[in-house]
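Printed here is model_12.tsv (TSV, C-alpha atoms):
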chain	number	residue	atom	x	y	z
A	1	MET	CA	112.81	80.82	116.97
A	2	GLY	CA	113.89	77.38	118.17
A	3	ASN	CA	114.15	74.26	116.07
A	4	GLY	CA	113.50	71.60	118.68
A	5	THR	CA	109.98	71.13	119.95
A	6	SER	CA	106.95	71.85	117.81
A	7	ILE	CA	105.97	74.84	119.98
A	8	GLY	CA	109.53	76.18	119.68
A	9	ARG	CA	109.29	76.16	115.88
A	10	VAL	CA	106.17	78.32	115.71
A	11	ARG	CA	106.84	80.73	118.59
A	12	GLY	CA	107.26	84.30	117.41
A	13	LEU	CA	105.83	83.63	113.95
A	14	GLY	CA	102.19	84.41	114.61
A	15	SER	CA	100.14	87.29	115.93
A	16	SER	CA	100.79	86.05	119.49
A	17	HIS	CA	97.62	87.44	121.09
A	18	HIS	CA	97.70	90.73	119.12
A	19	GLY	CA	95.58	89.55	116.19
A	20	ALA	CA	92.21	90.14	117.85
A	21	HIS	CA	93.13	93.69	118.81
A	22	HIS	CA	94.36	94.45	115.27
A	23	TRP	CA	91.15	93.01	113.80
A	24	LEU	CA	88.91	94.93	116.20
A	25	ALA	CA	90.83	98.21	115.81
A	26	THR	CA	90.45	97.92	112.02
A	27	ARG	CA	86.64	97.63	112.40
A	28	LEU	CA	86.44	100.40	114.98
A	29	THR	CA	88.39	102.87	112.85
A	30	ALA	CA	86.42	101.74	109.76
A	31	VAL	CA	83.21	102.92	111.45
A	32	GLY	CA	84.95	106.20	112.29
A	33	ASN	CA	85.92	106.62	108.64
A	34	LEU	CA	82.33	105.88	107.62
A	35	VAL	CA	81.37	109.13	109.38
A	36	LEU	CA	84.48	111.30	108.90
A	37	ILE	CA	85.25	110.89	105.19
A	38	PRO	CA	81.68	111.39	103.90
A	39	TYR	CA	81.56	114.50	106.14
A	40	LEU	CA	84.74	115.78	104.44
A	41	LEU	CA	83.49	114.96	100.92
A	42	VAL	CA	80.06	116.54	101.46
A	43	SER	CA	81.63	119.63	103.05
A	44	LEU	CA	84.05	120.07	100.15
A	45	ALA	CA	81.27	119.58	97.60
A	46	LEU	CA	79.13	122.24	99.33
A	47	LEU	CA	81.91	124.89	99.53
A	48	PRO	CA	80.93	128.10	97.69
A	49	GLY	CA	84.32	128.12	95.91
A	50	TYR	CA	87.80	126.61	95.99
A	51	ASP	CA	89.87	129.80	96.25
A	52	TYR	CA	92.15	130.27	99.27
A	53	GLN	CA	89.69	132.43	101.25
A	54	ALA	CA	86.80	129.99	100.90
A	55	VAL	CA	88.83	126.91	101.83
A	56	HIS	CA	90.80	128.58	104.64
A	57	SER	CA	87.79	130.15	106.34
A	58	TRP	CA	85.90	126.84	106.18
A	59	LEU	CA	88.77	124.87	107.73
A	60	ALA	CA	89.36	127.53	110.43
A	61	GLN	CA	85.93	126.77	111.97
A	62	PRO	CA	85.90	124.51	115.05
A	63	VAL	CA	83.85	121.60	113.65
A	64	PRO	CA	85.72	121.17	110.33
A	65	ALA	CA	89.06	121.58	112.15
A	66	THR	CA	88.04	118.94	114.69
A	67	ALA	CA	86.91	116.59	111.92
A	68	LEU	CA	90.23	116.98	110.10
A	69	VAL	CA	92.21	116.30	113.28
A	70	LEU	CA	90.08	113.19	113.90
A	71	ILE	CA	90.79	112.09	110.31
A	72	PHE	CA	94.51	112.48	110.94
A	73	ILE	CA	94.16	110.20	113.97
A	74	ASN	CA	91.46	107.71	112.93
A	75	THR	CA	92.05	107.38	109.17
A	76	PHE	CA	95.84	107.30	109.49
A	77	TYR	CA	95.57	104.55	112.11
A	78	HIS	CA	93.16	102.59	109.88
A	79	ALA	CA	95.52	103.01	106.91
A	80	ARG	CA	98.50	101.93	109.03
A	81	LEU	CA	96.70	98.72	110.05
A	82	GLY	CA	95.75	97.94	106.44
A	83	VAL	CA	99.19	98.62	104.99
A	84	GLN	CA	100.69	96.43	107.75
A	85	VAL	CA	98.52	93.48	106.61
A	86	MET	CA	99.48	94.07	102.97
A	87	LEU	CA	103.20	94.12	103.86
A	88	GLU	CA	102.84	91.00	106.03
A	89	ASP	CA	101.37	89.19	103.02
A	90	TYR	CA	104.00	90.21	100.48
A	91	VAL	CA	107.28	90.85	102.34
A	92	HIS	CA	108.97	87.62	103.41
A	93	GLU	CA	112.70	88.37	103.83
A	94	ASP	CA	114.01	89.41	107.24
A	95	ALA	CA	115.57	92.67	105.98
A	96	GLY	CA	112.33	93.63	104.22
A	97	LYS	CA	110.33	92.82	107.34
A	98	ILE	CA	112.49	95.15	109.44
A	99	ALA	CA	112.15	97.92	106.84
A	100	ALA	CA	108.36	97.37	106.73
A	101	TRP	CA	108.16	97.39	110.52
A	102	LEU	CA	110.06	100.69	110.68
A	103	PHE	CA	107.86	102.12	107.90
A	104	VAL	CA	104.43	101.33	109.40
A	105	ASN	CA	105.51	102.46	112.86
A	106	ILE	CA	107.05	105.78	111.87
A	107	VAL	CA	105.59	107.25	108.66
A	108	PRO	CA	101.88	107.28	109.67
A	109	PHE	CA	102.68	109.10	112.92
A	110	ALA	CA	104.92	111.63	111.16
A	111	GLY	CA	102.22	112.29	108.56
A	112	ALA	CA	99.47	112.59	111.15
A	113	ALA	CA	101.57	114.98	113.25
A	114	PHE	CA	102.18	117.23	110.23
A	115	GLY	CA	98.47	117.23	109.39
A	116	ILE	CA	97.39	118.06	112.95
A	117	VAL	CA	99.95	120.87	113.29
A	118	SER	CA	98.73	122.30	109.96
A	119	VAL	CA	95.08	122.27	111.08
A	120	ILE	CA	95.99	123.89	114.42
A	121	ARG	CA	97.84	126.64	112.56
A	122	ILE	CA	94.84	127.24	110.29
A	123	ALA	CA	92.31	127.15	113.13
A	124	LEU	CA	94.25	129.26	115.64
A	125	GLY	CA	95.54	131.94	113.30
A	126	GLY	CA	98.96	132.50	111.82
A	127	ALA	CA	99.54	132.16	108.06
B	1	MET	CA	109.78	81.99	106.48
B	2	ALA	CA	113.01	80.07	106.38
B	3	GLN	CA	111.25	76.74	106.67
B	4	ALA	CA	108.79	77.33	103.83
B	5	SER	CA	111.41	76.64	101.15
B	6	SER	CA	111.09	72.88	101.62
B	7	ASN	CA	109.12	70.76	99.18
B	8	ARG	CA	105.85	71.23	100.98
B	9	PRO	CA	102.90	72.10	98.72
B	10	ILE	CA	102.21	75.82	98.30
B	11	SER	CA	98.74	77.29	97.88
B	12	PRO	CA	97.68	78.15	94.33
B	13	HIS	CA	97.80	81.85	93.44
B	14	LEU	CA	95.70	84.24	91.32
B	15	GLN	CA	96.23	82.63	87.92
B	16	ILE	CA	94.76	79.31	89.14
B	17	TRP	CA	91.31	80.49	90.16
B	18	ARG	CA	88.35	81.22	87.92
B	19	TRP	CA	87.50	84.89	88.33
B	20	GLY	CA	84.30	85.77	90.18
B	21	PRO	CA	82.78	88.92	91.68
B	22	ALA	CA	83.80	88.04	95.27
B	23	MET	CA	87.44	87.53	94.22
B	24	LEU	CA	87.42	90.76	92.24
B	25	VAL	CA	86.01	92.95	95.05
B	26	SER	CA	88.35	91.34	97.57
B	27	ILE	CA	91.32	92.36	95.42
B	28	LEU	CA	89.77	95.78	94.78
B	29	HIS	CA	89.37	96.30	98.55
B	30	ARG	CA	93.10	95.85	99.05
B	31	VAL	CA	94.13	97.85	95.98
B	32	THR	CA	91.80	100.79	96.77
B	33	GLY	CA	92.80	100.74	100.45
B	34	ASN	CA	96.48	101.02	99.66
B	35	GLY	CA	95.84	103.53	96.87
B	36	LEU	CA	93.82	105.69	99.25
B	37	THR	CA	96.60	105.45	101.82
B	38	PHE	CA	99.52	106.45	99.64
B	39	ALA	CA	97.89	108.76	97.06
B	40	GLY	CA	94.87	109.91	99.07
B	41	LEU	CA	96.40	110.62	102.47
B	42	GLY	CA	99.51	111.98	100.73
B	43	LEU	CA	97.40	114.48	98.78
B	44	LEU	CA	95.38	115.32	101.91
B	45	LEU	CA	98.61	116.19	103.75
B	46	TRP	CA	99.84	118.30	100.82
B	47	TRP	CA	96.46	120.09	100.67
B	48	VAL	CA	96.19	120.90	104.38
B	49	GLY	CA	99.89	121.82	104.56
B	50	ALA	CA	99.45	124.14	101.57
B	51	ILE	CA	96.49	125.89	103.23
B	52	ALA	CA	98.48	126.24	106.46
B	53	GLY	CA	101.40	127.68	104.47
B	54	GLY	CA	99.33	130.63	103.24
B	55	GLU	CA	97.73	131.87	100.04
B	56	GLN	CA	100.81	131.44	97.84
B	57	SER	CA	101.46	127.82	98.74
B	58	TYR	CA	97.74	127.07	98.28
B	59	GLN	CA	97.89	128.60	94.77
B	60	THR	CA	100.86	126.35	93.98
B	61	PHE	CA	98.90	123.29	95.15
B	62	ILE	CA	95.83	124.22	93.08
B	63	ALA	CA	97.98	124.93	89.99
B	64	TYR	CA	99.82	121.61	90.13
B	65	VAL	CA	96.77	119.50	91.02
B	66	TRP	CA	93.93	121.16	89.10
B	67	THR	CA	94.32	124.37	87.03
B	68	GLY	CA	97.80	123.82	85.54
B	69	THR	CA	98.50	127.55	85.28
B	70	ALA	CA	101.79	127.80	87.21
B	71	SER	CA	104.19	126.35	84.60
B	72	PRO	CA	104.30	123.93	81.62
B	73	LEU	CA	105.09	121.17	84.15
B	74	SER	CA	101.99	122.04	86.18
B	75	GLY	CA	99.99	121.80	82.94
B	76	LEU	CA	101.02	118.14	82.77
B	77	THR	CA	100.62	117.35	86.47
B	78	SER	CA	97.18	118.99	86.55
B	79	ILE	CA	95.94	116.40	84.02
B	80	LEU	CA	97.35	113.69	86.26
B	81	GLY	CA	95.85	115.48	89.29
B	82	LYS	CA	92.32	115.33	87.89
B	83	VAL	CA	92.68	111.63	87.02
B	84	VAL	CA	94.03	110.90	90.52
B	85	LEU	CA	91.33	112.93	92.31
B	86	ILE	CA	88.48	111.30	90.39
B	87	GLY	CA	90.19	107.91	90.81
B	88	LEU	CA	90.50	108.53	94.56
B	89	THR	CA	86.80	109.31	94.97
B	90	TRP	CA	85.96	106.08	93.11
B	91	ALA	CA	88.50	104.21	95.26
B	92	PHE	CA	86.94	105.66	98.42
B	93	PHE	CA	83.37	104.68	97.45
B	94	GLN	CA	84.55	101.20	96.40
B	95	HIS	CA	86.53	100.73	99.63
B	96	LEU	CA	83.55	102.03	101.64
B	97	ALA	CA	81.15	99.58	99.96
B	98	THR	CA	83.45	96.55	100.24
B	99	GLY	CA	84.27	97.63	103.80
B	100	VAL	CA	80.57	97.56	104.72
B	101	ARG	CA	80.38	94.20	102.91
B	102	HIS	CA	83.14	92.95	105.23
B	103	LEU	CA	81.25	94.21	108.31
B	104	VAL	CA	78.19	92.27	107.12
B	105	LEU	CA	80.28	89.14	106.46
B	106	ASP	CA	81.81	89.55	109.95
B	107	VAL	CA	78.42	88.93	111.58
B	108	GLY	CA	78.07	85.73	109.55
B	109	ALA	CA	75.60	86.93	106.91
B	110	GLY	CA	75.82	86.88	103.12
B	111	TYR	CA	77.86	83.74	102.50
B	112	GLU	CA	75.35	81.97	100.21
B	113	LEU	CA	76.97	81.90	96.76
B	114	HIS	CA	74.33	83.87	94.87
B	115	THR	CA	73.84	86.40	97.69
B	116	ASN	CA	77.58	86.88	97.98
B	117	ALA	CA	78.04	87.40	94.25
B	118	ARG	CA	75.09	89.80	94.03
B	119	TRP	CA	76.34	92.05	96.84
B	120	SER	CA	79.87	91.95	95.41
B	121	VAL	CA	78.59	93.26	92.07
B	122	LEU	CA	76.45	95.87	93.83
B	123	THR	CA	79.52	97.36	95.58
B	124	MET	CA	80.95	98.15	92.14
B	125	VAL	CA	77.65	99.54	90.83
B	126	PHE	CA	77.48	101.77	93.93
B	127	SER	CA	81.06	103.05	93.63
B	128	VAL	CA	80.71	104.04	89.97
B	129	LEU	CA	77.30	105.72	90.51
B	130	ALA	CA	78.46	107.57	93.66
B	131	THR	CA	81.60	108.82	91.89
B	132	ALA	CA	79.57	110.09	88.91
B	133	LEU	CA	77.04	111.81	91.20
B	134	PHE	CA	79.74	113.42	93.35
B	135	TRP	CA	81.63	114.92	90.42
B	136	ALA	CA	78.44	115.94	88.62
B	137	PHE	CA	77.46	117.86	91.76
B	138	VAL	CA	80.89	119.52	92.08
B	139	LEU	CA	81.50	120.36	88.42
B	140	LEU	CA	78.08	121.12	86.95
B	141	PRO	CA	76.84	124.69	87.42
B	142	ARG	CA	74.40	125.11	90.28
This entry written out as structure tokens:
Amino acid sequence: MGNGTSIGRVRGLGSSHHGAHHWLATRLTAVGNLVLIPYLLVSLALLPGYDYQAVHSWLAQPVPATALVLIFINTFYHARLGVQVMLEDYVHEDAGKIAAWLFVNIVPFAGAAFGIVSVIRIALGGA
Amino acid sequence: MAQASSNRPISPHLQIWRWGPAMLVSILHRVTGNGLTFAGLGLLLWWVGAIAGGEQSYQTFIAYVWTGTASPLSGLTSILGKVVLIGLTWAFFQHLATGVRHLVLDVGAGYELHTNARWSVLTMVFSVLATALFWAFVLLPR
């Protein structure tokens, strides 16, 4: 960040051509959630029981397993975008910004990876 | 924002404005979104990881989140678990309704004051009704 010309003072402070993509990706993943999460809620509500056998055999089927994997991609990405905006609004110090940047770029991917590996294990046997 | 600490005027914050439905659902959208992220996706990961871990780990999950039969501690956390699960379904339906409201606002519709206020209130009516219906369906004998 420079302190000379007026353009030098604002460079690097804004979305610098990434804002439109962030905005659009939020909407795109929102529409995905509009399908995926009601599917999950309705499926859970319709389960015959909530013991291990009932839940495991439901999730081992191809369509529920696919839906869960899509949730771990789509919903986690949507959540990452939203949390990023929240942190941008409330975290103003440089050290906090770096911590926030590390957080939103690492934790969602770690969580999603764990979820996807778990679904694959359930769907393809093991356990 | 190193330069913001000068004597330039700052924008007024929450305590300045008179509360209205649009302001309330805007705040609720952010609160429910972040609540769903940290509590909801966290629980979802625990749930799916517990199922992948086998019958025993799934029993532990169910005991700590719902039945409370594993230990005195799980008796306490299962009360919290029910509050969180019901709260999360409400948060989801509220975030869904205000999210659709945002999609409508994005195309330039619904900015007239009375229209805006009416749809803001309706998002909250929807979320409470949908939560009650969902849990009635799950918990009541069929």
Hey, what's within 10 Å of Ile37 (chain A) if we count all atoms listed in the file and toss same-chain stuff fewer than 4 positions away? As a short mmCIF file (atom, residue, chain, number, x, y, z; two decimals) with C-alpha atoms, in the coordinates of the input, please?
data_model
loop_
_atom_site.label_atom_id
_atom_site.label_comp_id
_atom_site.auth_asym_id
_atom_site.auth_seq_id
_atom_site.Cartn_x
_atom_site.Cartn_y
_atom_site.Cartn_z
CA GLY A 32 84.95 106.20 112.29
CA ASN A 33 85.92 106.62 108.64
CA LEU A 41 83.49 114.96 100.92
CA VAL A 42 80.06 116.54 101.46
CA SER A 43 81.63 119.63 103.05
CA ALA A 67 86.91 116.59 111.92
CA LEU A 68 90.23 116.98 110.10
CA ILE A 71 90.79 112.09 110.31
CA THR A 75 92.05 107.38 109.17
CA PHE B 92 86.94 105.66 98.42
CA LEU B 96 83.55 102.03 101.64
#
Which distance in Å separates CA of Asp106 (chain B) and CA of His18 (chain A), to one decimal?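 One can read the CA of Asp106 (chain B) to CA of His18 (chain A) distance as 18.4 Å.
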For chain B against chain A, which residues fall within 7 Å using all atoms listed in the file, given as a list of chain:residue names? B:Met1, B:Asn34, B:Thr37, B:Leu45, B:Val48, B:Gly49, B:Ile51, B:Ala52, B:Gly53, B:Gly54, B:Glu55, B:Tyr58, B:Val138
For a test of reading the model, state the distance in Å between CA of Gly42 (chain B) and CA of Tyr64 (chain B), rounded to one decimal. 14.3 Å
Straight-line distance linking CA of Thr115 (chain B) with CA of Ala130 (chain B), stated in Å to one decimal: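 Here the two named atoms are 22.0 Å from each other.
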What lies within 12 Å of Gly75 (chain B) using only C-alpha atoms, ignoring chain neighbours under 3 positions off, as a list in words?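 Near Gly75 (chain B), the qualifying residues are Thr60, Ile62, Ala63, Tyr64, Val65, Trp66, Thr67, Gly68, Thr69, Ala70, Ser71, Pro72, Ser78, Ile79, Leu80, Gly81 and Lys82 of chain B.
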Selected residue, from B:Ile10, B:Leu85, B:Leu43, B:Leu73, that lies nearest to Phe61 (chain B) when counting only C-alpha atoms: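 Nearest candidate to Phe61 (chain B) out of B:Ile10, B:Leu85, B:Leu43, B:Leu73: B:Leu43.
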Put a box with edges along x, y and z around all the listed atoms of region 110-125 of chain A, pad it by 5 Å on each side, then give me its centre and sizes in Å, one decimal, as lines of an AutoDock Vina configuration file.
center_x = 98.6
center_y = 121.8
center_z = 112.1
size_x = 22.6
size_y = 30.3
size_z = 17.1
Find the spatial neighbours of Ala22 (chain B), counting all atoms listed in the file, within a cut-off of 6 Å - ignore same-chain residues fewer than 3 positions away - and output them as a VMD selection string. chain B and resid 25 117 120
Please fill the gaps in region 54-81 of chain B so it has N, CA and C atoms, and write that as a PDB file, keeping the file's coordinate frame.
ATOM      1  N   GLY B  54      99.740 129.314 103.709  1.00  0.00           N
ATOM      2  CA  GLY B  54      99.330 130.630 103.240  1.00  0.00           C
ATOM      3  C   GLY B  54      98.836 130.611 101.803  1.00  0.00           C
ATOM      4  N   GLU B  55      98.395 131.785 101.338  1.00  0.00           N
ATOM      5  CA  GLU B  55      97.730 131.870 100.040  1.00  0.00           C
ATOM      6  C   GLU B  55      98.622 131.405  98.888  1.00  0.00           C
ATOM      7  N   GLN B  56      99.921 131.770  98.952  1.00  0.00           N
ATOM      8  CA  GLN B  56     100.810 131.440  97.840  1.00  0.00           C
ATOM      9  C   GLN B  56     101.015 129.931  97.694  1.00  0.00           C
ATOM     10  N   SER B  57     101.241 129.268  98.820  1.00  0.00           N
ATOM     11  CA  SER B  57     101.460 127.820  98.740  1.00  0.00           C
ATOM     12  C   SER B  57     100.176 127.110  98.326  1.00  0.00           C
ATOM     13  N   TYR B  58      99.006 127.665  98.721  1.00  0.00           N
ATOM     14  CA  TYR B  58      97.740 127.070  98.280  1.00  0.00           C
ATOM     15  C   TYR B  58      97.574 127.226  96.774  1.00  0.00           C
ATOM     16  N   GLN B  59      97.971 128.397  96.227  1.00  0.00           N
ATOM     17  CA  GLN B  59      97.890 128.600  94.770  1.00  0.00           C
ATOM     18  C   GLN B  59      98.773 127.598  94.031  1.00  0.00           C
ATOM     19  N   THR B  60      99.965 127.333  94.588  1.00  0.00           N
ATOM     20  CA  THR B  60     100.860 126.350  93.980  1.00  0.00           C
ATOM     21  C   THR B  60     100.197 124.972  93.945  1.00  0.00           C
ATOM     22  N   PHE B  61      99.590 124.589  95.079  1.00  0.00           N
ATOM     23  CA  PHE B  61      98.900 123.290  95.150  1.00  0.00           C
ATOM     24  C   PHE B  61      97.825 123.202  94.081  1.00  0.00           C
ATOM     25  N   ILE B  62      96.956 124.237  94.022  1.00  0.00           N
ATOM     26  CA  ILE B  62      95.830 124.220  93.080  1.00  0.00           C
ATOM     27  C   ILE B  62      96.356 124.161  91.635  1.00  0.00           C
ATOM     28  N   ALA B  63      97.445 124.903  91.349  1.00  0.00           N
ATOM     29  CA  ALA B  63      97.980 124.930  89.990  1.00  0.00           C
ATOM     30  C   ALA B  63      98.511 123.566  89.576  1.00  0.00           C
ATOM     31  N   TYR B  64      99.221 122.893  90.491  1.00  0.00           N
ATOM     32  CA  TYR B  64      99.820 121.610  90.130  1.00  0.00           C
ATOM     33  C   TYR B  64      98.793 120.477  90.116  1.00  0.00           C
ATOM     34  N   VAL B  65      97.731 120.598  90.929  1.00  0.00           N
ATOM     35  CA  VAL B  65      96.770 119.500  91.020  1.00  0.00           C
ATOM     36  C   VAL B  65      95.570 119.710  90.084  1.00  0.00           C
ATOM     37  N   TRP B  66      95.173 120.978  89.829  1.00  0.00           N
ATOM     38  CA  TRP B  66      93.930 121.160  89.100  1.00  0.00           C
ATOM     39  C   TRP B  66      94.016 122.116  87.894  1.00  0.00           C
ATOM     40  N   THR B  67      94.438 123.388  88.110  1.00  0.00           N
ATOM     41  CA  THR B  67      94.320 124.370  87.030  1.00  0.00           C
ATOM     42  C   THR B  67      95.459 124.309  86.020  1.00  0.00           C
ATOM     43  N   GLY B  68      96.676 123.944  86.463  1.00  0.00           N
ATOM     44  CA  GLY B  68      97.800 123.820  85.540  1.00  0.00           C
ATOM     45  C   GLY B  68      98.339 125.145  85.032  1.00  0.00           C
ATOM     46  N   THR B  69      98.134 126.233  85.782  1.00  0.00           N
ATOM     47  CA  THR B  69      98.500 127.550  85.280  1.00  0.00           C
ATOM     48  C   THR B  69      99.854 128.051  85.761  1.00  0.00           C
ATOM     49  N   ALA B  70     100.549 127.302  86.623  1.00  0.00           N
ATOM     50  CA  ALA B  70     101.790 127.800  87.210  1.00  0.00           C
ATOM     51  C   ALA B  70     102.972 127.685  86.249  1.00  0.00           C
ATOM     52  N   SER B  71     103.036 126.593  85.463  1.00  0.00           N
ATOM     53  CA  SER B  71     104.190 126.350  84.600  1.00  0.00           C
ATOM     54  C   SER B  71     103.793 125.251  83.609  1.00  0.00           C
ATOM     55  N   PRO B  72     104.608 125.055  82.538  1.00  0.00           N
ATOM     56  CA  PRO B  72     104.300 123.930  81.620  1.00  0.00           C
ATOM     57  C   PRO B  72     104.236 122.593  82.366  1.00  0.00           C
ATOM     58  N   LEU B  73     105.112 122.414  83.371  1.00  0.00           N
ATOM     59  CA  LEU B  73     105.090 121.170  84.150  1.00  0.00           C
ATOM     60  C   LEU B  73     103.753 121.011  84.883  1.00  0.00           C
ATOM     61  N   SER B  74     103.261 122.124  85.456  1.00  0.00           N
ATOM     62  CA  SER B  74     101.990 122.040  86.180  1.00  0.00           C
ATOM     63  C   SER B  74     100.845 121.746  85.224  1.00  0.00           C
ATOM     64  N   GLY B  75     101.003 122.156  83.931  1.00  0.00           N
ATOM     65  CA  GLY B  75      99.990 121.800  82.940  1.00  0.00           C
ATOM     66  C   GLY B  75      99.867 120.293  82.806  1.00  0.00           C
ATOM     67  N   LEU B  76     101.019 119.606  82.844  1.00  0.00           N
ATOM     68  CA  LEU B  76     101.020 118.140  82.770  1.00  0.00           C
ATOM     69  C   LEU B  76     100.491 117.508  84.050  1.00  0.00           C
ATOM     70  N   THR B  77     101.015 117.989  85.207  1.00  0.00           N
ATOM     71  CA  THR B  77     100.620 117.350  86.470  1.00  0.00           C
ATOM     72  C   THR B  77      99.148 117.612  86.792  1.00  0.00           C
ATOM     73  N   SER B  78      98.584 118.721  86.246  1.00  0.00           N
ATOM     74  CA  SER B  78      97.180 118.990  86.550  1.00  0.00           C
ATOM     75  C   SER B  78      96.267 117.990  85.839  1.00  0.00           C
ATOM     76  N   ILE B  79      96.720 117.475  84.675  1.00  0.00           N
ATOM     77  CA  ILE B  79      95.940 116.400  84.020  1.00  0.00           C
ATOM     78  C   ILE B  79      95.975 115.153  84.894  1.00  0.00           C
ATOM     79  N   LEU B  80      97.191 114.832  85.351  1.00  0.00           N
ATOM     80  CA  LEU B  80      97.350 113.690  86.260  1.00  0.00           C
ATOM     81  C   LEU B  80      96.543 113.918  87.543  1.00  0.00           C
ATOM     82  N   GLY B  81      96.563 115.150  88.057  1.00  0.00           N
ATOM     83  CA  GLY B  81      95.850 115.480  89.290  1.00  0.00           C
ATOM     84  C   GLY B  81      94.361 115.199  89.190  1.00  0.00           C
TER      85      GLY B  81
END
